[in-house]
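The next block is model-v3.txt, given as compact mmCIF, C-alpha atoms.
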# COMPACT_ATOMS: atom_id res chain seq x y z
CA MET Q 30 24.16 66.12 41.45
CA SER Q 31 26.10 68.07 38.81
CA LEU Q 32 24.45 69.54 35.74
CA GLY Q 33 26.27 67.05 33.51
CA ASN Q 34 25.04 64.09 35.54
CA THR Q 35 21.51 65.47 35.60
CA LEU Q 36 21.49 65.86 31.82
CA ASN Q 37 22.96 62.39 31.29
CA GLU Q 38 20.59 60.68 33.71
CA LYS Q 39 17.39 62.63 33.04
CA VAL Q 40 17.48 64.55 29.76
CA VAL Q 41 19.41 62.23 27.45
CA PRO Q 42 17.30 59.11 28.24
CA ALA Q 43 14.12 61.12 27.64
CA VAL Q 44 15.48 62.38 24.32
CA MET Q 45 16.49 58.88 23.26
CA LYS Q 46 13.05 57.56 24.22
CA PHE Q 47 11.48 60.23 22.00
CA VAL Q 48 13.82 59.50 19.09
CA ASN Q 49 13.00 55.80 19.26
CA LEU Q 50 9.23 56.28 19.22
CA LYS Q 51 7.72 54.25 16.39
CA GLY Q 52 6.07 57.31 14.88
CA ILE Q 53 9.27 59.36 14.91
CA GLN Q 54 11.23 56.52 13.31
CA ALA Q 55 8.57 56.19 10.62
CA LEU Q 56 8.60 59.95 10.03
CA LYS Q 57 12.39 60.17 9.85
CA ASP Q 58 12.74 57.33 7.36
CA GLY Q 59 9.42 57.67 5.53
CA ILE Q 60 9.90 61.28 4.53
CA LEU Q 61 13.10 60.22 2.74
CA PHE Q 62 10.81 58.91 0.00
CA CYS Q 63 10.66 62.56 -1.07
CA LEU Q 64 14.44 62.88 -1.45
CA PRO Q 65 14.76 61.76 -5.11
CA LEU Q 66 11.90 64.07 -6.08
CA ASN Q 67 13.49 66.96 -4.17
CA ILE Q 68 16.82 66.49 -5.91
CA ILE Q 69 15.38 66.08 -9.41
CA GLY Q 70 12.94 68.96 -8.96
CA SER Q 71 15.74 71.12 -7.60
CA ILE Q 72 17.87 70.50 -10.68
CA PHE Q 73 15.08 71.64 -13.00
CA LEU Q 74 14.37 74.62 -10.73
CA LEU Q 75 18.07 75.54 -10.75
CA VAL Q 76 18.15 75.63 -14.54
CA ALA Q 77 14.89 77.60 -14.75
CA CYS Q 78 16.05 80.13 -12.13
CA PHE Q 79 19.79 80.01 -12.74
CA PRO Q 80 21.57 82.64 -10.61
CA SER Q 81 23.00 84.47 -13.61
CA VAL Q 82 21.08 86.91 -15.80
CA THR Q 83 23.58 86.35 -18.60
CA VAL Q 84 22.87 82.63 -18.67
CA THR Q 85 19.08 83.01 -18.48
CA ASN Q 86 19.12 85.60 -21.27
CA LEU Q 87 21.21 83.21 -23.38
CA PHE Q 88 18.70 80.40 -22.85
CA ALA Q 89 15.82 82.75 -23.72
CA SER Q 90 17.51 83.75 -26.98
CA MET Q 91 18.14 80.09 -27.85
CA PHE Q 92 14.83 78.49 -26.82
CA GLY Q 93 12.33 81.35 -26.78
CA ALA Q 94 10.76 83.55 -24.12
CA ASP Q 95 8.80 80.67 -22.56
CA TRP Q 96 11.82 78.35 -22.29
CA THR Q 97 11.25 77.85 -18.56
CA GLU Q 98 7.71 76.45 -18.90
CA PRO Q 99 8.74 72.79 -19.49
CA LEU Q 100 11.25 73.05 -16.65
CA PHE Q 101 8.64 74.35 -14.21
CA LYS Q 102 6.38 71.50 -15.36
CA VAL Q 103 8.85 68.94 -13.99
CA GLN Q 104 9.57 71.06 -10.92
CA GLY Q 105 5.86 71.28 -10.15
CA ALA Q 106 5.26 67.58 -10.80
CA THR Q 107 7.96 66.63 -8.28
CA MET Q 108 7.66 69.29 -5.58
CA ASN Q 109 3.88 69.74 -5.57
CA ILE Q 110 3.25 66.15 -4.46
CA MET Q 111 5.50 66.12 -1.39
CA ALA Q 112 2.59 65.64 1.01
CA VAL Q 113 1.25 62.74 -1.06
CA VAL Q 114 4.62 61.00 -1.17
CA SER Q 115 5.19 61.68 2.53
CA VAL Q 116 1.89 60.19 3.68
CA ILE Q 117 2.57 57.03 1.67
CA GLY Q 118 6.20 56.79 2.80
CA ILE Q 119 5.49 57.31 6.50
CA ALA Q 120 2.66 54.75 6.70
CA TYR Q 121 4.67 52.33 4.55
CA THR Q 122 7.72 52.66 6.80
CA TYR Q 123 5.68 52.32 9.99
CA ALA Q 124 4.13 49.03 8.82
CA LYS Q 125 7.44 47.76 7.48
CA ASN Q 126 9.20 48.48 10.78
CA GLU Q 127 6.48 46.49 12.55
CA GLY Q 128 7.05 43.52 10.23
CA HIS Q 129 3.82 43.81 8.22
CA GLU Q 130 3.16 44.08 4.49
CA PRO Q 131 3.78 47.81 3.97
CA LEU Q 132 2.35 48.70 0.57
CA SER Q 133 -1.26 48.30 1.66
CA ALA Q 134 -0.61 50.63 4.60
CA GLY Q 135 0.84 53.25 2.26
CA ILE Q 136 -2.09 53.04 -0.15
CA THR Q 137 -4.58 53.19 2.74
CA ALA Q 138 -2.88 56.33 4.06
CA LEU Q 139 -3.08 57.92 0.60
CA VAL Q 140 -6.82 57.30 0.38
CA VAL Q 141 -7.39 58.68 3.90
CA PHE Q 142 -5.40 61.76 2.92
CA ILE Q 143 -7.52 62.29 -0.20
CA ILE Q 144 -10.78 61.80 1.74
CA THR Q 145 -9.81 64.53 4.21
CA THR Q 146 -8.56 66.92 1.49
CA PRO Q 147 -10.77 69.54 -0.23
CA ASN Q 148 -12.00 68.27 -3.59
CA TRP Q 149 -12.57 71.73 -5.01
CA THR Q 150 -10.64 74.88 -5.82
CA MET Q 151 -11.33 78.43 -6.96
CA PHE Q 152 -10.61 78.98 -10.65
CA VAL Q 153 -9.76 82.48 -11.88
CA ALA Q 154 -10.17 82.82 -15.65
CA SER Q 155 -9.06 86.46 -15.73
CA LYS Q 156 -8.73 89.51 -13.53
CA ASP Q 157 -12.05 90.85 -14.80
CA VAL Q 158 -14.06 87.73 -13.88
CA ASP Q 159 -15.04 86.58 -10.40
CA PRO Q 160 -13.45 83.30 -9.23
CA VAL Q 161 -15.49 80.17 -9.97
CA LYS Q 162 -15.65 77.18 -7.63
CA VAL Q 163 -14.58 74.03 -9.49
CA GLY Q 164 -15.28 70.60 -8.01
CA ASN Q 165 -13.93 67.05 -8.47
CA VAL Q 166 -10.31 68.19 -8.40
CA LEU Q 167 -7.34 67.57 -6.10
CA PRO Q 168 -5.76 71.00 -5.47
CA ILE Q 169 -1.97 70.99 -5.61
CA ASP Q 170 -1.95 73.47 -2.74
CA TRP Q 171 -2.73 70.57 -0.41
CA THR Q 172 -0.66 67.88 -2.09
CA GLY Q 173 2.46 69.99 -1.63
CA GLY Q 174 3.80 72.14 1.19
CA LYS Q 175 0.47 73.13 2.76
CA GLY Q 176 -0.45 69.51 3.36
CA MET Q 177 2.81 68.38 4.98
CA ILE Q 178 1.80 68.35 8.65
CA ALA Q 179 -1.54 66.70 7.91
CA ALA Q 180 0.31 64.12 5.80
CA ILE Q 181 2.69 63.39 8.68
CA VAL Q 182 -0.17 62.96 11.15
CA ILE Q 183 -2.20 60.77 8.79
CA GLY Q 184 0.83 58.67 7.84
CA ILE Q 185 1.71 57.91 11.46
CA VAL Q 186 -1.89 57.27 12.56
CA VAL Q 187 -2.71 55.02 9.60
CA GLY Q 188 0.56 53.12 10.02
CA ALA Q 189 -0.18 52.55 13.71
CA ILE Q 190 -3.81 51.47 13.19
CA TYR Q 191 -2.95 49.20 10.27
CA SER Q 192 -0.19 47.55 12.32
CA TRP Q 193 -2.58 47.08 15.25
CA PHE Q 194 -5.09 45.25 13.03
CA MET Q 195 -2.34 43.02 11.65
CA LYS Q 196 -0.92 42.32 15.11
CA LYS Q 197 -4.37 41.38 16.44
CA ASP Q 198 -4.91 39.27 13.31
CA ILE Q 199 -8.13 41.12 12.48
CA ARG Q 200 -8.24 40.47 8.75
CA ILE Q 201 -9.77 38.32 6.06
CA LYS Q 202 -7.88 35.02 5.95
CA MET Q 203 -7.35 33.12 2.74
CA PRO Q 204 -6.82 29.36 2.35
CA GLU Q 205 -3.44 27.77 1.74
CA GLY Q 206 -2.11 28.00 -1.78
CA VAL Q 207 -3.50 31.45 -2.54
CA PRO Q 208 -0.82 33.74 -4.03
CA THR Q 209 0.84 36.11 -1.57
CA GLY Q 210 -0.33 39.19 -3.46
CA VAL Q 211 -3.96 38.11 -3.14
CA VAL Q 212 -3.52 37.29 0.56
CA ASN Q 213 -2.04 40.73 1.24
CA ALA Q 214 -4.83 42.45 -0.70
CA PHE Q 215 -7.59 40.73 1.28
CA SER Q 216 -5.73 41.21 4.58
CA ALA Q 217 -5.91 44.96 4.08
CA ILE Q 218 -9.66 45.13 3.43
CA ILE Q 219 -10.89 45.27 7.05
CA PRO Q 220 -8.36 47.81 8.41
CA ALA Q 221 -8.68 49.91 5.25
CA ALA Q 222 -12.49 49.90 5.39
CA VAL Q 223 -12.48 50.91 9.06
CA MET Q 224 -10.08 53.78 8.39
CA PHE Q 225 -11.96 54.95 5.29
CA ILE Q 226 -15.19 55.09 7.29
CA GLY Q 227 -13.40 56.95 10.09
CA ALA Q 228 -11.89 59.41 7.62
CA ASP Q 229 -15.30 60.00 6.05
CA VAL Q 230 -16.85 60.68 9.46
CA ILE Q 231 -14.07 63.19 10.13
CA TYR Q 232 -14.73 64.76 6.72
CA ILE Q 233 -18.44 65.14 7.54
CA ILE Q 234 -17.72 66.68 10.95
CA PHE Q 235 -15.39 69.28 9.48
CA LYS Q 236 -17.72 69.91 6.53
CA VAL Q 237 -20.49 70.83 8.97
CA SER Q 238 -18.01 73.31 10.46
CA GLY Q 239 -17.39 74.79 7.01
CA THR Q 240 -13.88 73.44 6.46
CA THR Q 241 -11.89 70.22 6.00
CA MET Q 242 -9.48 68.46 8.32
CA ILE Q 243 -6.44 69.26 6.22
CA GLU Q 244 -7.39 72.96 6.09
CA TRP Q 245 -7.93 72.98 9.86
CA VAL Q 246 -4.55 71.35 10.50
CA TYR Q 247 -2.90 73.89 8.23
CA LYS Q 248 -4.51 76.90 9.92
CA VAL Q 249 -4.37 75.76 13.55
CA ILE Q 250 -1.16 73.70 13.66
CA GLN Q 251 1.05 74.08 10.60
CA THR Q 252 0.85 77.85 10.11
CA PRO Q 253 1.80 78.68 13.75
CA LEU Q 254 4.62 76.11 13.65
CA GLN Q 255 5.93 77.52 10.38
CA GLY Q 256 5.78 81.02 11.86
CA LEU Q 257 7.65 79.93 14.99
CA SER Q 258 10.33 78.12 13.01
CA ASP Q 259 10.69 81.12 10.70
CA SER Q 260 11.84 83.48 13.45
CA PRO Q 261 15.02 84.32 15.40
CA LEU Q 262 13.69 82.13 18.22
CA GLY Q 263 13.30 79.25 15.79
CA VAL Q 264 16.85 79.76 14.54
CA ILE Q 265 18.22 79.74 18.09
CA GLY Q 266 16.28 76.61 18.99
CA ILE Q 267 17.36 74.61 15.94
CA ALA Q 268 20.95 75.86 15.94
CA PHE Q 269 21.34 75.24 19.67
CA PHE Q 270 19.79 71.81 20.11
CA ILE Q 271 21.58 70.02 17.25
CA PRO Q 272 25.10 70.50 18.71
CA PHE Q 273 23.84 70.48 22.31
CA LEU Q 274 22.53 66.93 21.90
CA TRP Q 275 25.64 65.89 19.99
CA PHE Q 276 27.75 67.04 22.96
CA PHE Q 277 26.16 64.21 24.96
CA GLY Q 278 26.66 61.70 22.16
CA VAL Q 279 23.07 61.87 20.90
CA HIS Q 280 22.70 62.37 17.14
CA GLY Q 281 21.29 65.90 17.36
CA ALA Q 282 20.51 66.20 13.66
CA ASN Q 283 18.35 63.07 13.76
CA VAL Q 284 16.44 64.29 16.81
CA VAL Q 285 15.79 67.78 15.47
CA SER Q 286 14.98 66.55 11.96
CA GLY Q 287 12.42 64.16 13.44
CA ILE Q 288 10.60 67.20 14.80
CA MET Q 289 11.34 69.88 12.23
CA THR Q 290 11.69 68.22 8.81
CA GLY Q 291 8.00 68.45 7.94
CA ILE Q 292 7.82 72.11 8.94
CA LEU Q 293 11.05 73.15 7.22
CA THR Q 294 10.15 71.23 4.08
CA ALA Q 295 6.80 73.03 4.02
CA ASN Q 296 8.66 76.34 4.27
CA THR Q 297 10.85 75.32 1.34
CA MET Q 298 7.87 74.23 -0.76
CA ASP Q 299 6.12 77.55 -0.12
CA ASN Q 300 9.23 79.36 -1.34
CA ALA Q 301 9.45 77.09 -4.39
CA THR Q 302 5.89 78.02 -5.32
CA LEU Q 303 6.68 81.73 -5.01
CA GLN Q 304 9.89 81.29 -6.99
CA ALA Q 305 8.11 79.49 -9.83
CA ALA Q 306 5.58 82.34 -9.94
CA GLY Q 307 8.33 84.98 -9.97
CA LYS Q 308 7.16 86.34 -6.60
CA LEU Q 309 9.94 85.20 -4.26
CA SER Q 310 10.22 87.95 -1.65
CA LEU Q 311 9.59 88.45 2.04
CA ALA Q 312 6.81 90.88 1.15
CA ASN Q 313 4.99 88.05 -0.63
CA GLY Q 314 5.34 85.71 2.35
CA ALA Q 315 8.61 83.94 1.60
CA HIS Q 316 10.20 82.08 4.51
CA ILE Q 317 13.71 82.67 5.79
CA VAL Q 318 14.23 79.44 7.74
CA THR Q 319 13.94 76.49 5.37
CA GLN Q 320 15.48 73.04 5.08
CA GLN Q 321 18.44 74.56 3.22
CA PHE Q 322 18.93 77.06 6.05
CA VAL Q 323 19.68 74.13 8.35
CA ASP Q 324 21.43 71.69 6.01
CA ASN Q 325 23.64 74.09 4.08
CA PHE Q 326 24.25 76.92 6.53
CA ILE Q 327 23.86 76.38 10.28
CA SER Q 328 24.98 72.74 9.91
CA MET Q 329 27.47 73.55 7.16
CA THR Q 330 30.40 71.08 7.26
CA GLY Q 331 28.52 69.18 9.97
CA SER Q 332 26.96 69.96 13.34
CA GLY Q 333 28.78 72.81 15.06
CA GLU Q 334 30.32 74.02 11.77
CA THR Q 335 33.46 72.16 12.80
CA ILE Q 336 35.41 73.02 9.66
CA GLY Q 337 36.50 76.06 11.66
CA LEU Q 338 38.13 73.70 14.15
CA VAL Q 339 39.68 71.66 11.33
CA ILE Q 340 41.25 74.83 9.89
CA CYS Q 341 42.74 75.61 13.30
CA MET Q 342 44.23 72.12 13.42
CA LEU Q 343 45.69 72.39 9.94
CA PHE Q 344 47.38 75.76 10.40
CA ILE Q 345 48.27 76.30 14.05
CA ALA Q 346 48.35 72.90 15.76
CA LYS Q 347 51.55 72.07 17.62
CA SER Q 348 50.56 68.60 18.76
CA ALA Q 349 51.04 65.70 16.37
CA GLN Q 350 47.63 64.38 17.42
CA TYR Q 351 45.72 67.40 16.15
CA LYS Q 352 47.90 67.90 13.08
CA GLN Q 353 47.03 64.39 11.96
CA LEU Q 354 43.36 64.69 12.95
CA GLY Q 355 43.04 67.91 10.94
CA LYS Q 356 44.36 66.18 7.83
CA LEU Q 357 42.05 63.20 8.29
CA SER Q 358 38.97 65.34 8.97
CA LEU Q 359 39.28 67.90 6.16
CA LEU Q 360 37.87 65.90 3.25
CA PRO Q 361 34.90 64.40 5.13
CA GLY Q 362 34.21 67.83 6.64
CA LEU Q 363 33.94 69.44 3.22
CA PHE Q 364 31.10 67.01 2.52
CA ASN Q 365 29.42 67.80 5.85
CA ILE Q 366 30.53 64.59 7.57
CA ASN Q 367 32.22 65.47 10.84
CA GLU Q 368 32.09 62.34 13.00
CA PRO Q 369 35.92 62.06 12.81
CA ILE Q 370 36.29 65.48 14.44
CA LEU Q 371 33.43 64.90 16.91
CA PHE Q 372 34.94 61.75 18.35
CA GLY Q 373 38.60 62.30 17.46
CA THR Q 374 39.10 65.65 19.19
CA PRO Q 375 36.88 64.69 21.08
CA ILE Q 376 34.05 67.20 21.15
CA VAL Q 377 31.53 64.79 22.65
CA MET Q 378 31.60 65.26 26.45
CA ASN Q 379 34.56 67.66 26.20
CA PRO Q 380 33.83 70.83 28.22
CA ILE Q 381 36.66 72.76 26.54
CA MET Q 382 34.95 72.52 23.15
CA ALA Q 383 31.35 72.77 24.35
CA LEU Q 384 30.97 76.55 24.04
CA PRO Q 385 32.24 77.04 20.47
CA PHE Q 386 30.62 73.84 19.25
CA ILE Q 387 27.18 74.86 20.54
CA PHE Q 388 27.26 78.61 19.95
CA VAL Q 389 29.00 78.91 16.55
CA PRO Q 390 25.82 77.69 14.76
CA VAL Q 391 23.66 80.00 16.89
CA ILE Q 392 25.78 83.07 16.10
CA ASN Q 393 26.11 82.28 12.40
CA GLY Q 394 22.45 81.28 12.16
CA LEU Q 395 21.32 84.64 13.54
CA LEU Q 396 23.78 86.44 11.25
CA PHE Q 397 22.44 84.60 8.22
CA TYR Q 398 18.84 85.23 9.30
CA GLY Q 399 19.59 88.93 9.69
CA ALA Q 400 21.19 89.12 6.25
CA ILE Q 401 17.99 87.82 4.63
CA ALA Q 402 15.60 89.74 6.88
CA SER Q 403 17.42 93.01 6.17
CA GLY Q 404 17.37 92.48 2.40
CA ILE Q 405 21.13 91.97 2.00
CA LEU Q 406 20.35 88.49 0.70
CA ALA Q 407 17.23 87.39 -1.16
CA PRO Q 408 15.15 84.59 0.38
CA MET Q 409 16.05 81.06 -0.63
CA GLY Q 410 13.93 79.41 -3.30
CA GLY Q 411 13.01 75.76 -3.64
CA LEU Q 412 16.41 74.45 -4.70
CA MET Q 413 17.53 71.87 -2.13
CA PRO Q 414 21.09 70.65 -2.70
CA PRO Q 415 21.87 67.35 -0.97
CA TRP Q 416 23.16 67.95 2.58
CA THR Q 417 26.53 66.52 1.52
CA THR Q 418 27.11 69.33 -1.01
CA PRO Q 419 30.31 71.20 -0.04
CA PRO Q 420 29.98 74.79 1.20
CA ILE Q 421 30.48 77.60 -1.33
CA ILE Q 422 29.17 75.26 -4.03
CA SER Q 423 25.90 74.76 -2.15
CA GLY Q 424 25.68 78.49 -1.52
CA PHE Q 425 26.06 79.28 -5.21
CA LEU Q 426 23.44 76.72 -6.20
CA ILE Q 427 20.96 78.09 -3.66
CA GLY Q 428 21.40 81.81 -4.22
CA GLY Q 429 24.37 82.67 -6.41
CA PHE Q 430 27.68 84.27 -5.49
CA LYS Q 431 26.23 86.30 -2.61
CA TYR Q 432 25.29 83.12 -0.82
CA SER Q 433 28.75 81.65 -1.45
CA ILE Q 434 30.32 84.77 0.04
CA MET Q 435 28.00 84.47 3.04
CA GLN Q 436 29.18 80.92 3.62
CA ILE Q 437 32.81 82.06 3.48
CA VAL Q 438 32.08 84.77 6.06
CA MET Q 439 30.40 82.20 8.31
CA LEU Q 440 33.37 79.84 8.00
CA VAL Q 441 35.79 82.63 8.93
CA ILE Q 442 33.68 83.49 11.98
CA ALA Q 443 33.57 79.83 12.98
CA THR Q 444 37.35 79.57 12.72
CA PHE Q 445 38.00 82.61 14.91
CA ILE Q 446 35.51 81.47 17.54
CA TYR Q 447 37.08 78.01 17.73
CA LEU Q 448 40.63 79.43 17.80
CA PRO Q 449 41.12 80.29 21.51
CA PHE Q 450 39.45 77.08 22.67
CA PHE Q 451 41.54 75.01 20.30
CA LYS Q 452 44.73 76.69 21.46
CA LYS Q 453 44.01 75.53 25.00
CA ALA Q 454 43.20 71.99 23.90
CA ASP Q 455 46.26 71.87 21.65
CA ALA Q 456 48.55 73.13 24.41
CA MET Q 457 47.32 70.37 26.72
CA ALA Q 458 47.79 67.74 24.01
CA TYR Q 459 51.27 69.06 23.15
CA ALA Q 460 52.28 69.05 26.81
CA GLY Q 461 51.11 65.46 27.08
CA GLU Q 462 53.10 64.45 24.00
CA SER Q 463 56.19 66.24 25.31
CA ALA Q 464 55.85 64.35 28.58
CA GLY Q 465 55.81 61.12 26.61
CA HIS Q 466 52.17 60.02 26.94
CA ASP Q 467 48.84 60.43 25.18
CA GLY Q 468 47.69 64.05 25.36
CA GLY Q 469 44.10 63.45 24.29
CA ILE Q 470 41.61 65.75 25.93
CA GLN Q 471 39.26 64.14 28.38
CA ALA Q 472 36.00 65.57 29.61

Is it possible to express this structure as structure tokens?
Amino acid sequence: MSLGNTLNEKVVPAVMKFVNLKGIQALKDGILFCLPLNIIGSIFLLVACFPSVTVTNLFASMFGADWTEPLFKVQGATMNIMAVVSVIGIAYTYAKNEGHEPLSAGITALVVFIITTPNWTMFVASKDVDPVKVGNVLPIDWTGGKGMIAAIVIGIVVGAIYSWFMKKDIRIKMPEGVPTGVVNAFSAIIPAAVMFIGADVIYIIFKVSGTTMIEWVYKVIQTPLQGLSDSPLGVIGIAFFIPFLWFFGVHGANVVSGIMTGILTANTMDNATLQAAGKLSLANGAHIVTQQFVDNFISMTGSGETIGLVICMLFIAKSAQYKQLGKLSLLPGLFNINEPILFGTPIVMNPIMALPFIFVPVINGLLFYGAIASGILAPMGGLMPPWTTPPIISGFLIGGFKYSIMQIVMLVIATFIYLPFFKKADAMAYAGESAGHDGGIQA
């Protein structure tokens, strides 16, 4: 059996089975509840940390030295509750996908999250005074980036348990004629009570151990995962598997995001906190690999950075097929939509294009990682442009002109790597057209 057949018969079905797991579907769609907050918070963060000293000095002269304080207020209010929004969204989506009333599941997940979260923090009045433990609070450390993995776990588990209770019809039933809102509220009492008791038992167990569940998840699971993702090995894994899966027709971005979104978002939120405090540097623990790293750099113009291939088509194609495809694919590609090029070339199941498609993101990802690790570029902050933001513009928004220049360099590299492979594909297509039949490349 050939490698291609083995992958198609063994690997791809396993990947698709994973992607279609109820928990993964709930995670993928539920975490999108954070998207409006990310975008709005990013806009306020962009203004507060605008990548131009001239502009920031102008604002300071116009509005006073503390002009950024109201902006950081909105940024903090949106980005410091990502875990809270995620736990609600994931449980809500899980129950909705199962055909049950979803709002009660989301609220139940929120309460479970709060039960398992520390209700105290250390308050520092000044440098000369010892920290004081303050109780009856909900620390924003855990409602934001640090609580992301725990929020994902709780959201999926609560969604699954709630759906099980509804499926088994274990609930308080109301007589006919009772308003739907009242019926839904009473239906949630039994599953919610069971999960609250379970969460409280978990809280007691961890309290005896001198910690809380959410702190344990952060130390034992989230921190190692963030460290692994924030490394050259993490870059290679992410950059490789997105196009590799696409080559077999599997939506690689969806698969990888189902696994990595929570971790990469946590990395971004950590950087946003450092940026708001004016401490954004690798020395202070800033992350290199964030959600922007994937969306706006290694997947720039779509999986495989296929704008390099589009440029080849526009400027050196001899075949009418690829000349036309280049024109049709340019505009969508600029907005990071590259399905026309994936299926029109085709790249999916096309061995000629496999190498550049898979390894361009790996090469450029490692180059970009090295530029930040070496200090050529500063770490990215919390600004998260939508993934459809065109390159160069997204680079400027994230890190100023240096980031835009980096994107240009990456696009040039992508073009030159695609060039020899495209020449071969174009020659075959041109020969087919000259012979009077379709010259499309087949795998």

- Message: Restricting the calculation to only C-alpha atoms: of Q:Pro147, Q:Pro168, Q:Gly287, Q:Gly281, which residue gets closest to Asn49 in chain Q?
- Response: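 Between Q:Pro147, Q:Pro168, Q:Gly287, Q:Gly281, the residue approaching Asn49 in chain Q most closely is Q:Gly287.
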
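Picture a line from CA of Phe270 in chain Q to CA of Ile387 in chain Q; it runs 8.0 Å.
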
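Between CA of Ile53 in chain Q and CA of Val141 in chain Q there is a distance of 20.0 Å.
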
- Task: May I ask for the distance between CA of Thr107 in chain Q and CA of Leu66 in chain Q, given in Å to one decimal place?
- Result: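 CA of Leu66 in chain Q lies at a distance of 5.2 Å from CA of Thr107 in chain Q.
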
- Message: Counting all atoms listed in the file, I want the residues whose atoms come within 9 Å of (8.8, 75.3, -14.1) in the file frame, returned as a PyMOL selection string.
- Response: chain Q and resi 73-74+77-78+97-105+305-306

- Nearest to Met177 in chain Q by atom-to-atom distance, counting all atoms listed in the file, from Q:Tyr232, Q:Tyr121, Q:Phe344, Q:Tyr247: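 Using all atoms listed in the file, Met177 in chain Q sits closest to Q:Tyr247.
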
- Which polymer residues have any atom within 12 Å of an atom of Val223 in chain Q, counting all atoms listed in the file, with same-chain residues fewer than 6 positions away left out, as a PyMOL selection string? chain Q and resi 137+141+187+190-191+194+199-200+217+229-230

- Message: Counting only C-alpha atoms, which residue out of Q:Lys347, Q:Lys431, Q:Lys125, Q:Lys196 sits closest to Ala460 in chain Q?
- Response: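 Using only C-alpha atoms, the shortest distance to Ala460 in chain Q belongs to Q:Lys347.
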
Neighbour residues at most 9 Å from (31.2, 72.0, 8.7) (all atoms listed in the file) as a compact mmCIF listing (two decimals) with C-alpha atoms, in the frame of the given file:
# COMPACT_ATOMS: atom_id res chain seq x y z
CA PHE Q 326 24.25 76.92 6.53
CA ILE Q 327 23.86 76.38 10.28
CA SER Q 328 24.98 72.74 9.91
CA MET Q 329 27.47 73.55 7.16
CA THR Q 330 30.40 71.08 7.26
CA GLY Q 331 28.52 69.18 9.97
CA SER Q 332 26.96 69.96 13.34
CA GLY Q 333 28.78 72.81 15.06
CA GLU Q 334 30.32 74.02 11.77
CA THR Q 335 33.46 72.16 12.80
CA ILE Q 336 35.41 73.02 9.66
CA GLY Q 337 36.50 76.06 11.66
CA LEU Q 338 38.13 73.70 14.15
CA VAL Q 339 39.68 71.66 11.33
CA GLY Q 362 34.21 67.83 6.64
CA LEU Q 363 33.94 69.44 3.22
CA PHE Q 364 31.10 67.01 2.52
CA ASN Q 365 29.42 67.80 5.85
CA ILE Q 366 30.53 64.59 7.57
CA ASN Q 367 32.22 65.47 10.84
CA PRO Q 419 30.31 71.20 -0.04
CA PRO Q 420 29.98 74.79 1.20
CA LEU Q 440 33.37 79.84 8.00

- Counting only C-alpha atoms, the option among Q:Leu303, Q:Met108, Q:Leu371, Q:Met289 closest to Pro65 in chain Q: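 Of all the options, Q:Met108 lies closest to Pro65 in chain Q.
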
- Which residue gives the smallest distance to Ile421 in chain Q among Q:Gln255, Q:Asn325, Q:Asn393, Q:Ser463, with all atoms listed in the file counted? Q:Asn325

- Which of Q:Ser403, Q:Gln436, Q:Asn86, Q:Asn379 sits closest to Ala312 in chain Q [using only C-alpha atoms]: Q:Ser403
